[in-house]
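Peer 1: Hey, dropping final-v1.txt in here, compact mmCIF, C-alpha atoms:
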# COMPACT_ATOMS: atom_id res chain seq x y z
CA MET A 1 16.42 -1.40 15.82
CA GLN A 2 17.16 -3.30 12.65
CA ARG A 3 14.05 -4.46 10.82
CA SER A 4 13.09 -7.79 12.38
CA THR A 5 13.51 -10.85 10.18
CA LYS A 6 11.83 -13.28 12.59
CA ILE A 7 8.17 -12.60 13.29
CA ALA A 8 5.72 -14.79 15.20
CA VAL A 9 2.08 -14.89 14.10
CA ALA A 10 -0.49 -15.97 16.69
CA GLY A 11 -3.57 -17.42 15.05
CA ALA A 12 -1.50 -18.28 11.99
CA THR A 13 -4.14 -20.60 10.53
CA GLY A 14 -7.04 -18.16 10.93
CA ARG A 15 -8.84 -15.82 8.57
CA VAL A 16 -6.31 -13.00 9.03
CA GLY A 17 -3.36 -15.07 10.21
CA ARG A 18 -3.08 -17.06 6.98
CA PRO A 19 -2.63 -14.02 4.71
CA VAL A 20 -0.31 -12.41 7.28
CA VAL A 21 1.96 -15.45 7.04
CA ASP A 22 1.77 -15.42 3.23
CA ILE A 23 2.65 -11.73 2.99
CA LEU A 24 5.55 -11.98 5.45
CA GLU A 25 7.04 -15.01 3.73
CA SER A 26 6.71 -13.38 0.31
CA ARG A 27 8.78 -10.47 1.66
CA GLY A 28 11.55 -12.67 2.99
CA TYR A 29 10.73 -12.73 6.70
CA GLU A 30 11.21 -15.81 8.83
CA VAL A 31 7.74 -16.62 10.17
CA VAL A 32 7.01 -18.56 13.34
CA PRO A 33 3.38 -19.79 13.16
CA ILE A 34 1.68 -19.97 16.54
CA SER A 35 -1.38 -22.23 16.59
CA ARG A 36 -2.53 -25.38 18.31
CA SER A 37 -1.96 -27.31 15.07
CA GLN A 38 1.71 -26.28 15.36
CA GLY A 39 1.87 -27.50 18.97
CA VAL A 40 1.74 -24.01 20.47
CA ASP A 41 -1.18 -22.97 22.68
CA VAL A 42 -1.66 -19.32 23.65
CA ILE A 43 -4.08 -20.27 26.44
CA THR A 44 -2.11 -22.96 28.27
CA GLY A 45 1.23 -21.45 27.22
CA GLU A 46 2.40 -24.82 25.90
CA GLY A 47 5.27 -24.34 23.45
CA LEU A 48 5.26 -20.54 23.65
CA ASP A 49 8.72 -20.07 25.12
CA GLN A 50 10.30 -22.28 22.47
CA ALA A 51 8.30 -20.70 19.64
CA LEU A 52 9.31 -17.16 20.58
CA THR A 53 13.04 -17.83 20.80
CA GLY A 54 14.79 -15.23 18.66
CA VAL A 55 11.53 -13.46 17.75
CA GLU A 56 11.51 -9.65 17.86
CA THR A 57 7.89 -9.01 16.80
CA ILE A 58 4.57 -10.76 17.45
CA ILE A 59 1.47 -10.24 15.32
CA ASP A 60 -1.56 -11.40 17.30
CA ALA A 61 -4.44 -12.46 15.04
CA ALA A 62 -5.73 -15.23 17.30
CA THR A 63 -9.48 -15.58 17.89
CA GLY A 64 -11.35 -17.59 20.47
CA PRO A 65 -13.92 -20.33 19.93
CA SER A 66 -16.93 -18.35 21.20
CA PRO A 67 -18.53 -14.93 20.50
CA ASP A 68 -19.95 -14.91 24.05
CA GLN A 69 -18.62 -11.91 25.97
CA GLN A 70 -17.41 -13.79 29.05
CA ALA A 71 -15.79 -16.63 27.10
CA ALA A 72 -14.21 -14.26 24.58
CA THR A 73 -12.90 -11.96 27.32
CA GLU A 74 -11.31 -14.90 29.13
CA PHE A 75 -9.70 -16.10 25.90
CA PHE A 76 -8.33 -12.72 24.85
CA THR A 77 -7.01 -11.61 28.22
CA THR A 78 -5.39 -14.98 28.93
CA SER A 79 -3.79 -15.31 25.50
CA THR A 80 -2.56 -11.71 25.52
CA ARG A 81 -0.99 -12.00 28.96
CA ASN A 82 0.69 -15.25 27.97
CA LEU A 83 2.10 -13.67 24.80
CA GLN A 84 3.32 -10.66 26.79
CA GLU A 85 4.96 -12.75 29.50
CA ALA A 86 6.56 -15.33 27.20
CA GLY A 87 7.52 -12.56 24.80
CA GLU A 88 9.29 -10.61 27.53
CA ARG A 89 11.28 -13.70 28.49
CA ALA A 90 12.27 -14.18 24.84
CA GLY A 91 13.27 -10.56 24.28
CA VAL A 92 10.36 -9.66 21.96
CA ARG A 93 10.34 -5.92 21.30
CA ARG A 94 6.92 -5.18 19.82
CA LEU A 95 3.40 -6.61 19.69
CA VAL A 96 0.81 -5.82 17.00
CA VAL A 97 -2.80 -6.83 17.69
CA VAL A 98 -5.76 -6.96 15.30
CA SER A 99 -8.87 -5.38 16.80
CA ILE A 100 -12.22 -3.94 15.69
CA ILE A 101 -13.27 -0.41 14.74
CA GLY A 102 -15.60 1.30 17.19
CA ILE A 103 -15.29 -1.11 20.10
CA ASP A 104 -15.21 1.78 22.61
CA GLU A 105 -18.73 2.72 21.51
CA PHE A 106 -20.38 -0.55 22.54
CA ALA A 107 -21.58 -1.74 25.92
CA GLY A 108 -20.98 -5.46 25.75
CA GLY A 109 -20.53 -8.61 23.72
CA TYR A 110 -17.48 -9.42 21.60
CA ASN A 111 -16.56 -5.73 21.36
CA ALA A 112 -16.17 -5.51 25.13
CA ALA A 113 -13.92 -8.57 25.01
CA LYS A 114 -11.70 -6.82 22.46
CA VAL A 115 -11.51 -3.74 24.70
CA ALA A 116 -10.30 -5.99 27.50
CA GLN A 117 -7.73 -7.53 25.17
CA GLU A 118 -6.38 -4.12 24.17
CA GLN A 119 -6.08 -3.14 27.83
CA ALA A 120 -4.26 -6.37 28.68
CA ALA A 121 -1.85 -5.76 25.81
CA MET A 122 -1.20 -2.17 26.92
CA ASP A 123 -0.61 -3.32 30.50
CA GLY A 124 2.10 -5.76 29.44
CA PRO A 125 5.85 -5.13 29.28
CA ILE A 126 6.14 -5.27 25.47
CA PRO A 127 5.04 -2.11 23.58
CA ALA A 128 1.73 -2.90 21.87
CA ARG A 129 -0.02 -1.26 18.94
CA PHE A 130 -3.40 -2.01 17.40
CA VAL A 131 -4.91 -2.29 13.94
CA ARG A 132 -8.64 -1.83 14.31
CA ALA A 133 -10.46 -3.24 11.30
CA ALA A 134 -13.98 -3.00 9.92
CA GLN A 135 -16.02 -6.17 9.52
CA PHE A 136 -14.48 -8.54 6.98
CA HIS A 137 -15.96 -9.39 3.60
CA GLU A 138 -15.48 -13.00 4.65
CA PHE A 139 -17.63 -12.49 7.76
CA VAL A 140 -20.84 -11.71 5.86
CA GLU A 141 -21.52 -15.35 5.01
CA GLU A 142 -20.99 -16.39 8.62
CA LEU A 143 -23.42 -13.75 9.90
CA MET A 144 -25.97 -14.91 7.35
CA ARG A 145 -25.58 -18.49 8.48
CA TRP A 146 -26.06 -17.55 12.14
CA GLY A 147 -29.29 -15.74 11.30
CA THR A 148 -30.83 -18.26 8.89
CA GLN A 149 -34.25 -19.62 9.74
CA GLY A 150 -35.66 -21.77 6.96
CA ASP A 151 -35.31 -19.87 3.70
CA VAL A 152 -34.77 -16.48 5.35
CA SER A 153 -31.58 -15.03 6.79
CA TYR A 154 -31.98 -12.26 9.37
CA VAL A 155 -28.92 -10.00 9.64
CA TRP A 156 -28.20 -7.11 11.99
CA ALA A 157 -29.09 -3.58 11.09
CA MET A 158 -25.54 -2.30 10.68
CA ARG A 159 -23.62 0.35 8.80
CA THR A 160 -20.06 -0.73 8.04
CA GLN A 161 -17.21 -0.31 5.56
CA LEU A 162 -16.52 -3.96 4.84
CA VAL A 163 -12.87 -4.84 4.24
CA ALA A 164 -11.04 -7.89 2.90
CA ALA A 165 -9.13 -9.96 5.44
CA ARG A 166 -6.02 -9.76 3.24
CA THR A 167 -6.22 -5.95 3.27
CA VAL A 168 -6.21 -6.09 7.09
CA ALA A 169 -3.28 -8.52 6.97
CA GLU A 170 -1.33 -6.05 4.83
CA ALA A 171 -1.96 -3.30 7.40
CA LEU A 172 -0.79 -5.58 10.23
CA VAL A 173 2.42 -6.44 8.35
CA ALA A 174 3.05 -2.79 7.52
CA LEU A 175 2.84 -1.81 11.18
CA ALA A 176 4.78 -4.82 12.44
CA THR A 177 7.69 -4.11 10.08
CA ALA A 178 7.63 -0.31 10.33
CA PRO A 179 10.68 1.66 11.51
CA ASP A 180 10.75 2.38 15.23
CA ALA A 181 9.59 5.99 14.87
CA GLU A 182 6.51 4.97 12.87
CA PHE A 183 5.68 2.12 15.23
CA ASP A 184 6.08 4.30 18.33
CA ALA A 185 3.80 6.98 16.87
CA ALA A 186 1.15 4.60 15.56
CA GLU A 187 -0.91 3.92 18.72
CA THR A 188 -4.14 2.75 17.01
CA THR A 189 -4.56 2.41 13.25
CA GLU A 190 -7.95 1.93 11.59
CA VAL A 191 -8.37 0.08 8.29
CA ALA A 192 -11.59 -0.25 6.33
CA GLY A 193 -12.90 -0.76 2.83
CA PRO A 194 -13.45 2.06 0.33
CA ARG A 195 -17.23 2.41 0.67
CA GLU A 196 -20.00 2.10 3.22
CA TYR A 197 -22.59 -0.69 3.12
CA ARG A 198 -25.56 -1.68 5.13
CA LEU A 199 -24.91 -5.24 6.16
CA VAL A 200 -28.23 -6.33 4.64
CA GLU A 201 -27.14 -4.86 1.30
CA ALA A 202 -23.92 -6.90 1.28
CA ALA A 203 -25.75 -10.04 2.40
CA ARG A 204 -28.27 -9.68 -0.43
CA LEU A 205 -25.44 -9.30 -2.93
CA LEU A 206 -23.89 -12.52 -1.63
CA ALA A 207 -27.20 -14.38 -1.67
CA ALA A 208 -27.85 -13.24 -5.24
CA ARG A 209 -24.37 -14.34 -6.31
CA ARG A 210 -24.89 -17.81 -4.83
CA GLY A 211 -28.34 -18.07 -6.41
CA ASP A 212 -29.65 -20.32 -3.64
CA GLY A 213 -32.99 -18.55 -3.19
CA LEU A 214 -32.21 -17.37 0.35
CA ARG A 215 -34.13 -14.22 1.30
CA VAL A 216 -32.27 -11.72 3.47
CA GLU A 217 -34.01 -9.41 5.92
CA GLU A 218 -32.68 -6.78 8.29
CA THR A 219 -33.40 -7.15 12.00
CA SER A 220 -32.64 -5.26 15.21
CA ASP A 221 -33.38 -5.44 18.92
CA PRO A 222 -34.80 -2.12 20.22
CA SER A 223 -34.08 -3.21 23.80
CA ASP A 224 -30.35 -3.57 23.08
CA PRO A 225 -28.49 -0.21 23.00
CA ASP A 226 -25.70 -1.81 20.97
CA SER A 227 -28.22 -2.72 18.27
CA GLU A 228 -29.05 0.98 17.83
CA ARG A 229 -25.35 1.88 17.79
CA TYR A 230 -24.65 -0.59 14.97
CA ALA A 231 -27.57 0.81 12.97
CA ASN A 232 -26.42 4.40 13.49
CA GLY A 233 -22.85 3.90 12.31
CA ALA A 234 -20.77 3.32 15.45
CA ALA A 235 -18.82 0.64 13.56
CA LEU A 236 -17.81 3.04 10.77
CA PRO A 237 -14.18 4.18 10.52
CA GLY A 238 -12.99 7.59 11.62
CA PRO A 239 -11.66 10.33 9.33
CA ASN A 240 -8.03 9.17 9.64
CA ALA A 241 -8.66 5.53 8.74
CA LYS A 242 -6.74 3.84 5.96
CA LEU A 243 -9.24 2.91 3.25
CA ALA A 244 -8.31 0.17 0.80
CA GLY A 245 -10.08 -2.13 -1.63
CA PRO A 246 -11.35 -4.36 -2.90
CA THR A 247 -14.98 -3.36 -2.58
CA PHE A 248 -17.37 -6.10 -1.57
CA GLU A 249 -18.56 -6.47 -5.17
CA GLU A 250 -14.98 -6.79 -6.43
CA TRP A 251 -14.25 -9.35 -3.73
CA LEU A 252 -17.35 -11.34 -4.72
CA ASP A 253 -16.25 -11.32 -8.36
CA ALA A 254 -12.82 -12.67 -7.37
CA THR A 255 -13.80 -15.26 -4.75
CA VAL A 256 -17.44 -16.40 -4.97
CA PRO A 257 -18.52 -18.41 -8.02
CA ALA A 258 -21.94 -17.58 -9.40
CA GLY A 259 -24.58 -20.14 -8.46
CA ARG A 260 -27.82 -21.11 -10.06
CA THR A 261 -30.19 -18.35 -11.11
Kindly present the structure from the file in structure tokens form.
Peer 2:
Amino acid sequence: MQRSTKIAVAGATGRVGRPVVDILESRGYEVVPISRSQGVDVITGEGLDQALTGVETIIDAATGPSPDQQAATEFFTTSTRNLQEAGERAGVRRLVVVSIIGIDEFAGGYNAAKVAQEQAAMDGPIPARFVRAAQFHEFVEELMRWGTQGDVSYVWAMRTQLVAARTVAEALVALATAPDAEFDAAETTEVAGPREYRLVEAARLLAARRGDGLRVEETSDPSDPDSERYANGAALPGPNAKLAGPTFEEWLDATVPAGRT
């Protein structure tokens, strides 16, 4: 097919959706933002048919309001089926979904919800491909906040190759706009940053940059098999992953102002 000039982005106001929209628009594509703030709801289906009129490609970067496995699974499977069904009615020809590296290795939680989303996308009528990403640079602060008790932040014992959200957005756009042969052959693409970190290492770098005196400690739950998998590298990319910067330190230099010392 001719390279699509009209691309819908689900989750257009989110952490990955925003740079996806920016990149597409900078390259001359007509972008249809799909978000509740635009009057389009992927869960109820409100506005979807109208939004997808004339669209040939959907990039799905939508995320639900809860990390709970049941709630996240319900969100992802419902939104994906709605995008598939409305997309088929509109003549959409391809669907690109952002996912997470290593989700097949984990027993539950948000990873299991993403597995269910991938399956729902594959079961739909529109050909679907996936960009599985490592944890985002931008996610480190959120994880620290979740684990903060007083002046200590407890973060998971995890090995990961942190990646910038914009780098993931670039991979999504590359796949969404690829020639048919490349898209058909893609199946699942992995994208990660250029070097491995322990999550506690990255969190300590961020805390030091902010200079707020927060102490960061590593924690794990021996009773949770997924906790051991995170610590042993199940979230690391495979040998064929696309690795791209910036590193976490470079990202900090560019985005996080130094605080008090």
Peer 1: What would the list of residues within 10 Å of (-30.6, -17.4, 0.1) (file frame) look like as a PyMOL selection string, if only C-alpha atoms are what count?
Peer 2: chain A and resi 144-145+148+150-153+203-204+206-216
Peer 1: Mind dumping the selected residues with C-alpha atoms as a short mmCIF file (atom, residue, chain, number, x, y, z; two decimals), in the frame of the given file?
Peer 2:
data_model
loop_
_atom_site.label_atom_id
_atom_site.label_comp_id
_atom_site.auth_asym_id
_atom_site.auth_seq_id
_atom_site.Cartn_x
_atom_site.Cartn_y
_atom_site.Cartn_z
CA MET A 144 -25.97 -14.91 7.35
CA ARG A 145 -25.58 -18.49 8.48
CA THR A 148 -30.83 -18.26 8.89
CA GLY A 150 -35.66 -21.77 6.96
CA ASP A 151 -35.31 -19.87 3.70
CA VAL A 152 -34.77 -16.48 5.35
CA SER A 153 -31.58 -15.03 6.79
CA ALA A 203 -25.75 -10.04 2.40
CA ARG A 204 -28.27 -9.68 -0.43
CA LEU A 206 -23.89 -12.52 -1.63
CA ALA A 207 -27.20 -14.38 -1.67
CA ALA A 208 -27.85 -13.24 -5.24
CA ARG A 209 -24.37 -14.34 -6.31
CA ARG A 210 -24.89 -17.81 -4.83
CA GLY A 211 -28.34 -18.07 -6.41
CA ASP A 212 -29.65 -20.32 -3.64
CA GLY A 213 -32.99 -18.55 -3.19
CA LEU A 214 -32.21 -17.37 0.35
CA ARG A 215 -34.13 -14.22 1.30
CA VAL A 216 -32.27 -11.72 3.47
#
Peer 1: If I put a ball of radius 8 Å at (-1.1, -16.4, 19.0) in the file's coordinates, which residues poke into it when counting all atoms listed in the file, written as a ChimeraX atom specification?
Peer 2: /A:8-12,34-35,41-42,59-62,79,83
Peer 1: Which is closest to Tyr29 of chain A among A:Thr167, A:Thr189, A:Thr177, A:Thr160, if we use only C-alpha atoms?
Peer 2: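 Checking each candidate against Tyr29 of chain A, we get A:Thr177 as the closest.
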Peer 1: Could you list, as a CSV table (one decimal) with C-alpha atoms, in the frame of the given file, every residue within 12 Å of Leu52 of chain A, counting all atoms listed in the file and ignoring same-chain residues fewer than 6 positions away?
Peer 2:
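Saved as around01.csv:
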chain,number,residue,atom,x,y,z
A,6,LYS,CA,11.8,-13.3,12.6
A,7,ILE,CA,8.2,-12.6,13.3
A,8,ALA,CA,5.7,-14.8,15.2
A,9,VAL,CA,2.1,-14.9,14.1
A,10,ALA,CA,-0.5,-16.0,16.7
A,30,GLU,CA,11.2,-15.8,8.8
A,31,VAL,CA,7.7,-16.6,10.2
A,32,VAL,CA,7.0,-18.6,13.3
A,33,PRO,CA,3.4,-19.8,13.2
A,34,ILE,CA,1.7,-20.0,16.5
A,40,VAL,CA,1.7,-24.0,20.5
A,42,VAL,CA,-1.7,-19.3,23.6
A,45,GLY,CA,1.2,-21.4,27.2
A,46,GLU,CA,2.4,-24.8,25.9
A,58,ILE,CA,4.6,-10.8,17.4
A,59,ILE,CA,1.5,-10.2,15.3
A,82,ASN,CA,0.7,-15.2,28.0
A,83,LEU,CA,2.1,-13.7,24.8
A,84,GLN,CA,3.3,-10.7,26.8
A,85,GLU,CA,5.0,-12.8,29.5
A,86,ALA,CA,6.6,-15.3,27.2
A,87,GLY,CA,7.5,-12.6,24.8
A,88,GLU,CA,9.3,-10.6,27.5
A,89,ARG,CA,11.3,-13.7,28.5
A,90,ALA,CA,12.3,-14.2,24.8
A,91,GLY,CA,13.3,-10.6,24.3
A,92,VAL,CA,10.4,-9.7,22.0
A,93,ARG,CA,10.3,-5.9,21.3
Peer 1: For a test of reading the model, state the distance in Å between atom CA of Glu56 of chain A and atom CA of Val98 of chain A, rounded to one decimal.
Peer 2: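 Computing it gives 17.7 Å between the two atoms.
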Peer 1: Rank A:His137, A:Arg94, A:Arg229, A:Lys242 by their smallest atom-to-atom distance to Pro179 of chain A, using all atoms listed in the file, and report the top residue only.
Peer 2: A:Arg94
Peer 1: Extract, using all atoms listed in the file, all DNA, RNA and protein residues at most 12 Å from Pro225 of chain A, discarding same-chain residues fewer than 5 positions from it, and format them as a list in words.
Peer 2: Glu105, Phe106, Ala107, Gly108, Gly109, Ser220, Tyr230, Ala231, Asn232 and Ala234 of chain A
Peer 1: Hey, what's within 8 Å of Ala244 of chain A if we count all atoms listed in the file and toss same-chain stuff fewer than 5 positions away? As a VMD selection string, please?
Peer 2: chain A and resid 163 167 191 to 194
Peer 1: Please provide as an MDAnalysis selection string all residues within 12 Å of Pro67 of chain A, with the sequence filter that same-chain residues fewer than 6 positions apart are discarded (counting only C-alpha atoms).
Peer 2: chainID A and resid 73:76 108:114 143 146
Peer 1: Quick one: of A:Ala178, A:Ala164, A:Leu199, A:Ala171, who's nearest to Gly245 of chain A, counting only C-alpha atoms?
Peer 2: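 Ranked by minimum distance to Gly245 of chain A, first place goes to A:Ala164.
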Peer 1: Take every atom of segment 172-187 of chain A listed in the file, fit an axis-aligned box around them, add 6 Å per side, and give the centre and edge lengths in Å to one decimal as lines of an AutoDock Vina configuration file.
Peer 2:
center_x = 4.9
center_y = 0.3
center_z = 13.1
size_x = 23.7
size_y = 25.4
size_z = 23.2
Peer 1: Could you state the separation of atom CA of Gln70 of chain A and atom CA of Gln117 of chain A in Å, given to one decimal place?
Peer 2: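 Calculated distance between atom CA of Gln70 of chain A and atom CA of Gln117 of chain A is 12.2 Å.
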Peer 1: Leaving out Glu187 of chain A and any residue of its chain fewer than 2 positions from it, which residues lie within 8 Å of it when counting all atoms listed in the file, given as an mmCIF file with C-alpha atoms, keeping the file's coordinate frame?
Peer 2:
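File written: selection05.cif
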data_model
loop_
_atom_site.group_PDB
_atom_site.id
_atom_site.type_symbol
_atom_site.label_atom_id
_atom_site.label_comp_id
_atom_site.auth_asym_id
_atom_site.auth_seq_id
_atom_site.Cartn_x
_atom_site.Cartn_y
_atom_site.Cartn_z
ATOM 1 C CA ALA A 128 1.730 -2.900 21.870
ATOM 2 C CA ARG A 129 -0.020 -1.260 18.940
ATOM 3 C CA PHE A 130 -3.400 -2.010 17.400
ATOM 4 C CA PHE A 183 5.680 2.120 15.230
ATOM 5 C CA ASP A 184 6.080 4.300 18.330
ATOM 6 C CA ALA A 185 3.800 6.980 16.870
ATOM 7 C CA THR A 189 -4.560 2.410 13.250
#
Peer 1: Counting all atoms listed in the file, which residue out of A:Asp224, A:Arg36, A:Glu170, A:Ala202 sits closest to Thr13 of chain A?
Peer 2: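 Between A:Asp224, A:Arg36, A:Glu170, A:Ala202, the residue approaching Thr13 of chain A most closely is A:Arg36.
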Peer 1: Between atom CA of Arg195 of chain A and atom CA of Ile23 of chain A, what distance in Å does the model show, to one decimal?
Peer 2: 24.5 Å
Peer 1: From the options A:Gln69, A:Gln149, A:Ser26, A:Thr188, which residue's atoms come nearest to Ala241 of chain A, counting only C-alpha atoms?
Peer 2: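 Selected residue with least distance to Ala241 of chain A: A:Thr188.
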Peer 1: Between A:Glu25, A:Glu118, A:Glu217, A:Asp253, single out the one closest to Leu95 of chain A, counting all atoms listed in the file.
Peer 2: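 That would be A:Glu118, the residue with the smallest distance to Leu95 of chain A.
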